[in-house]
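Engineer: To start, I am sharing the structure in question, which I have written as structure tokens.
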Amino acid sequence: WDAVPKPAKYQHSPFSEFFNVEITALPSYEEKEDQFIEQVTLLRQHFFNLIAPGGLAGSRRTVVPGSGFPLSTQRIWKVIKDNKDLDL
């Protein structure tokens with residue numbers, strides 16, 4: 001993260017300020033099918049509750065409604081294209 005080029009105002013910002021990362025391990029489907037299905041059901045609920053507090057997107061500063069998604073992605077793409085460090 002430290003090696004990633006960032007605008008000056010974000011040079012000392014932690015990774016967690018921009019990204020929520022969660023890692024989930026599931027039991028083997030072939031060896032423990034019942035446990036696998038149970039864990040997948042819990043994980044599915046977690047995704048269904050995305051915008052609830054504690055959900056994957058719940059702590060984001062802004063949540064884009066579905067109707068605003070096209071405009072939001074256009075703006076994001078413009079930022080990527082205009083920033084030589086992001087336009088890979």
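Labels used: A, B, ... for chains in the order of the structure tokens, numbers from 1 for residues in each chain, and numbers from 1 for ligands as shown.
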Could you pull the residues within 10 Å of A:Val40, counting only C-alpha atoms, minus those fewer than 6 positions along the same chain, as a list in words?

Structural biologist: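 Final neighbour list, sorted by chain and number: Leu26, Pro27, Asp34 and His46 of chain A.
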
Engineer: Would you save the residues from that selection as an mmCIF file, in the first residue's frame, using N, CA, C and O atoms?

Structural biologist:
```
data_model
loop_
_atom_site.group_PDB
_atom_site.id
_atom_site.type_symbol
_atom_site.label_atom_id
_atom_site.label_comp_id
_atom_site.auth_asym_id
_atom_site.auth_seq_id
_atom_site.Cartn_x
_atom_site.Cartn_y
_atom_site.Cartn_z
ATOM 1 N N LEU A 26 -14.313 -21.459 3.759
ATOM 2 C CA LEU A 26 -15.453 -22.380 3.787
ATOM 3 C C LEU A 26 -14.957 -23.810 3.902
ATOM 4 O O LEU A 26 -13.908 -24.148 3.355
ATOM 5 N N PRO A 27 -15.720 -24.661 4.589
ATOM 6 C CA PRO A 27 -15.353 -26.074 4.654
ATOM 7 C C PRO A 27 -15.416 -26.689 3.255
ATOM 8 O O PRO A 27 -16.094 -26.172 2.363
ATOM 9 N N ASP A 34 -22.646 -30.619 4.586
ATOM 10 C CA ASP A 34 -23.617 -29.956 5.469
ATOM 11 C C ASP A 34 -23.056 -28.664 6.065
ATOM 12 O O ASP A 34 -23.735 -27.632 6.093
ATOM 13 N N HIS A 46 -24.943 -12.424 4.899
ATOM 14 C CA HIS A 46 -24.008 -11.315 5.072
ATOM 15 C C HIS A 46 -24.045 -10.400 3.846
ATOM 16 O O HIS A 46 -24.079 -9.185 3.974
#
```

Engineer: Please indicate the distance in Å from atom CA of A:Phe47 to atom CA of A:Phe19, rounded to one decimal place.

Structural biologist: 16.1 Å

Engineer: Separation of atom CA of A:Asp85 and atom CA of A:Ile23, in Å?

Structural biologist: 27.6 Å

Engineer: With distances taken over only C-alpha atoms, which residue among A:Phe15, A:Val21, A:Ile37, A:Leu43 lies nearest A:Asp2?

Structural biologist: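 Smallest separation from A:Asp2 among the options: A:Phe15.
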
Engineer: At what distance in Å, to one decimal, does atom CA of A:Pro14 lie from atom CA of A:Trp1?

Structural biologist: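 Atom CA of A:Pro14 lies 8.2 Å from atom CA of A:Trp1.
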